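Novice: Okay, here's the structure, questions in a sec.
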Amino acid sequence: MKTKTFSMQYKRKRMHRTDYKKRVKLISGSTLRVVIRKSLRNIIIQLAGYDKNGDRIIVDARCTELKKYGWELPSGNICAAYLTGVLFGTKAKNDKIEDLIADFGFFPSVKGSRIYAVIKGIIDSGLKVRCDKGILPGEDRVYGKHIADYAEKLKKESSEKYDKQFSLYLKKNIDLGSIPEYVKKVKENIIRGNKNG
């Protein structure tokens with residue numbers, strides 16, 4: 001019986017879902033955790049409070065919600081991660097949440113990554129997240145200037161590759177040179193609560 005209980009207790013560790021050592025450190029304080037999980041095309045952010053029967057999810061946001069605010073571009077990039085962070089932060093502020101600690105689970109801490117784009121979005125929405133500002137992506141990246149610059153370069157080199165790589169953008173009639181303005185517009189819609197763009 002003891003062996004069965006032990007194996008079930010660490011099932012989430014074997015499945016690479018829970019890092020128990022890190023979890024103990026995160027829940028030992030009274031600060032709420034912002035839990036960030038990502039896949040290739042999705043970002044999920046949850047505000048979790050500890051409870052002996054399991055975490056209480058207080059607020060959550062997913063990048064799929066961005067469509068309500070006018071986002072029509074892919075959801076797996078840094079811009080979408082940043083905007084999802086802004087959306088989460090806006091929701092959390094409505095619940096009078098101010099101070100958070102980040103929980104990445106098993107994801108590695110990589111400077112300028114999508115996870116840190118989420119954190120930047122949360123901070124830009126007005127919340128405080130304990131984080132070294134030097135690890136966050138710059139303004140140009142979260143607003144997609146790097147995408148616009150690369151698209152311009154690729155278009156000059158090969159229109160065939162350009163059409164193939166940016167087919168989704170072209171299908172939606174989105175000017176690749178104006179992506180930073182597009183991201184800012186969606187961000188403004190989120191902050192003001194303007195759904196459907």
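As shown in the structure tokens, the chain order sets the letters A, B, ...; within each chain, residues go from 1, and ligands are also counted from 1 in the order they appear.
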Report as a compact mmCIF listing (two decimals) with C-alpha atoms, in the first residue's frame all protein, DNA and RNA residues lying within 9 Å of Ser178 in chain A, evaluated on only C-alpha atoms, omitting residues in the same chain fewer than 5 positions from it.
Specialist:
```txt
# COMPACT_ATOMS: atom_id res chain seq x y z
CA LYS A 145 8.92 44.99 -35.27
CA ALA A 148 7.94 43.39 -39.95
CA VAL A 183 -0.41 44.98 -31.84
```
Novice: Pick out the residues sitting within 10 Å of range 132-140 of chain A, and hand them over as a PDB file with N, CA and C atoms, in the first residue's frame; count only C-alpha atoms, and ignore anything fewer than 4 positions along from it in its own chain.
Specialist:
```pdb
ATOM      1  N   ILE A  78       5.595  35.798 -29.958  1.00  0.00           N
ATOM      2  CA  ILE A  78       5.884  36.683 -28.818  1.00  0.00           C
ATOM      3  C   ILE A  78       4.816  37.775 -28.667  1.00  0.00           C
ATOM      4  N   CYS A  79       4.327  38.293 -29.789  1.00  0.00           N
ATOM      5  CA  CYS A  79       3.295  39.343 -29.731  1.00  0.00           C
ATOM      6  C   CYS A  79       2.031  38.828 -29.040  1.00  0.00           C
ATOM      7  N   TYR A  82       2.620  38.375 -25.324  1.00  0.00           N
ATOM      8  CA  TYR A  82       2.595  39.678 -24.650  1.00  0.00           C
ATOM      9  C   TYR A  82       1.156  40.154 -24.439  1.00  0.00           C
ATOM     10  N   SER A 109      14.114  28.865 -18.040  1.00  0.00           N
ATOM     11  CA  SER A 109      14.113  30.325 -18.021  1.00  0.00           C
ATOM     12  C   SER A 109      15.044  30.820 -19.130  1.00  0.00           C
ATOM     13  N   VAL A 110      14.448  31.310 -20.225  1.00  0.00           N
ATOM     14  CA  VAL A 110      15.219  31.773 -21.384  1.00  0.00           C
ATOM     15  C   VAL A 110      14.941  33.252 -21.601  1.00  0.00           C
ATOM     16  N   LYS A 111      15.991  34.040 -21.584  1.00  0.00           N
ATOM     17  CA  LYS A 111      15.869  35.495 -21.744  1.00  0.00           C
ATOM     18  C   LYS A 111      15.116  35.845 -23.028  1.00  0.00           C
ATOM     19  N   GLY A 112      14.119  36.726 -22.905  1.00  0.00           N
ATOM     20  CA  GLY A 112      13.388  37.217 -24.061  1.00  0.00           C
ATOM     21  C   GLY A 112      12.390  36.237 -24.663  1.00  0.00           C
ATOM     22  N   SER A 113      12.124  35.115 -23.983  1.00  0.00           N
ATOM     23  CA  SER A 113      11.227  34.090 -24.519  1.00  0.00           C
ATOM     24  C   SER A 113       9.757  34.507 -24.411  1.00  0.00           C
ATOM     25  N   ARG A 114       8.875  33.654 -24.947  1.00  0.00           N
ATOM     26  CA  ARG A 114       7.430  33.925 -24.873  1.00  0.00           C
ATOM     27  C   ARG A 114       6.959  34.033 -23.428  1.00  0.00           C
ATOM     28  N   ILE A 115       7.540  33.209 -22.549  1.00  0.00           N
ATOM     29  CA  ILE A 115       7.133  33.269 -21.141  1.00  0.00           C
ATOM     30  C   ILE A 115       7.432  34.646 -20.563  1.00  0.00           C
ATOM     31  N   TYR A 116       8.594  35.195 -20.906  1.00  0.00           N
ATOM     32  CA  TYR A 116       8.923  36.527 -20.399  1.00  0.00           C
ATOM     33  C   TYR A 116       8.154  37.625 -21.129  1.00  0.00           C
ATOM     34  N   ALA A 117       7.672  37.337 -22.338  1.00  0.00           N
ATOM     35  CA  ALA A 117       6.779  38.277 -23.020  1.00  0.00           C
ATOM     36  C   ALA A 117       5.459  38.360 -22.253  1.00  0.00           C
ATOM     37  N   VAL A 118       5.006  37.215 -21.738  1.00  0.00           N
ATOM     38  CA  VAL A 118       3.801  37.186 -20.896  1.00  0.00           C
ATOM     39  C   VAL A 118       4.013  38.055 -19.657  1.00  0.00           C
ATOM     40  N   ILE A 119       5.156  37.857 -18.992  1.00  0.00           N
ATOM     41  CA  ILE A 119       5.470  38.628 -17.788  1.00  0.00           C
ATOM     42  C   ILE A 119       5.492  40.127 -18.093  1.00  0.00           C
ATOM     43  N   LYS A 120       6.100  40.490 -19.224  1.00  0.00           N
ATOM     44  CA  LYS A 120       6.150  41.911 -19.615  1.00  0.00           C
ATOM     45  C   LYS A 120       4.741  42.461 -19.816  1.00  0.00           C
ATOM     46  N   GLY A 121       3.882  41.670 -20.437  1.00  0.00           N
ATOM     47  CA  GLY A 121       2.492  42.088 -20.633  1.00  0.00           C
ATOM     48  C   GLY A 121       1.772  42.312 -19.314  1.00  0.00           C
ATOM     49  N   ILE A 123       3.190  43.060 -16.408  1.00  0.00           N
ATOM     50  CA  ILE A 123       3.779  44.253 -15.788  1.00  0.00           C
ATOM     51  C   ILE A 123       3.249  45.521 -16.461  1.00  0.00           C
ATOM     52  N   GLY A 144       6.289  43.332 -32.362  1.00  0.00           N
ATOM     53  CA  GLY A 144       6.424  42.657 -33.640  1.00  0.00           C
ATOM     54  C   GLY A 144       7.251  43.356 -34.690  1.00  0.00           C
ATOM     55  N   LYS A 145       8.091  44.301 -34.279  1.00  0.00           N
ATOM     56  CA  LYS A 145       8.922  44.993 -35.265  1.00  0.00           C
ATOM     57  C   LYS A 145       9.881  44.017 -35.946  1.00  0.00           C
ATOM     58  N   HIS A 146      10.349  43.012 -35.198  1.00  0.00           N
ATOM     59  CA  HIS A 146      11.263  42.022 -35.778  1.00  0.00           C
ATOM     60  C   HIS A 146      10.573  41.222 -36.895  1.00  0.00           C
ATOM     61  N   ILE A 147       9.266  41.000 -36.757  1.00  0.00           N
ATOM     62  CA  ILE A 147       8.519  40.286 -37.802  1.00  0.00           C
ATOM     63  C   ILE A 147       8.412  41.166 -39.050  1.00  0.00           C
ATOM     64  N   PRO A 180       3.484  46.468 -35.732  1.00  0.00           N
ATOM     65  CA  PRO A 180       3.556  47.150 -34.428  1.00  0.00           C
ATOM     66  C   PRO A 180       2.295  47.966 -34.109  1.00  0.00           C
TER      67      PRO A 180
END
```
Novice: Residues of range 81-156 of chain A classed as strand (DSSP E) by DSSP on the backbone are to be reported as a list of chain:residue names.
Specialist: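 Of range 81-156 of chain A, the ones in strand (DSSP E) are A:Asp99, A:Leu100, A:Ile101, A:Ala102, A:Asp103, A:Lys128, A:Val129.
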Novice: One number please: CA of Asn94 in chain A to CA of Gly193 in chain A, in Å, one decimal.
Specialist: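 These atoms are spaced 11.6 Å apart.
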Novice: Please determine, counting only C-alpha atoms, which residue among A:Arg192, A:Glu98, A:Val129, A:Ala151 has the shortest atom-to-atom distance to Leu176 in chain A.
Specialist: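 Using only C-alpha atoms, Leu176 in chain A sits closest to A:Ala151.
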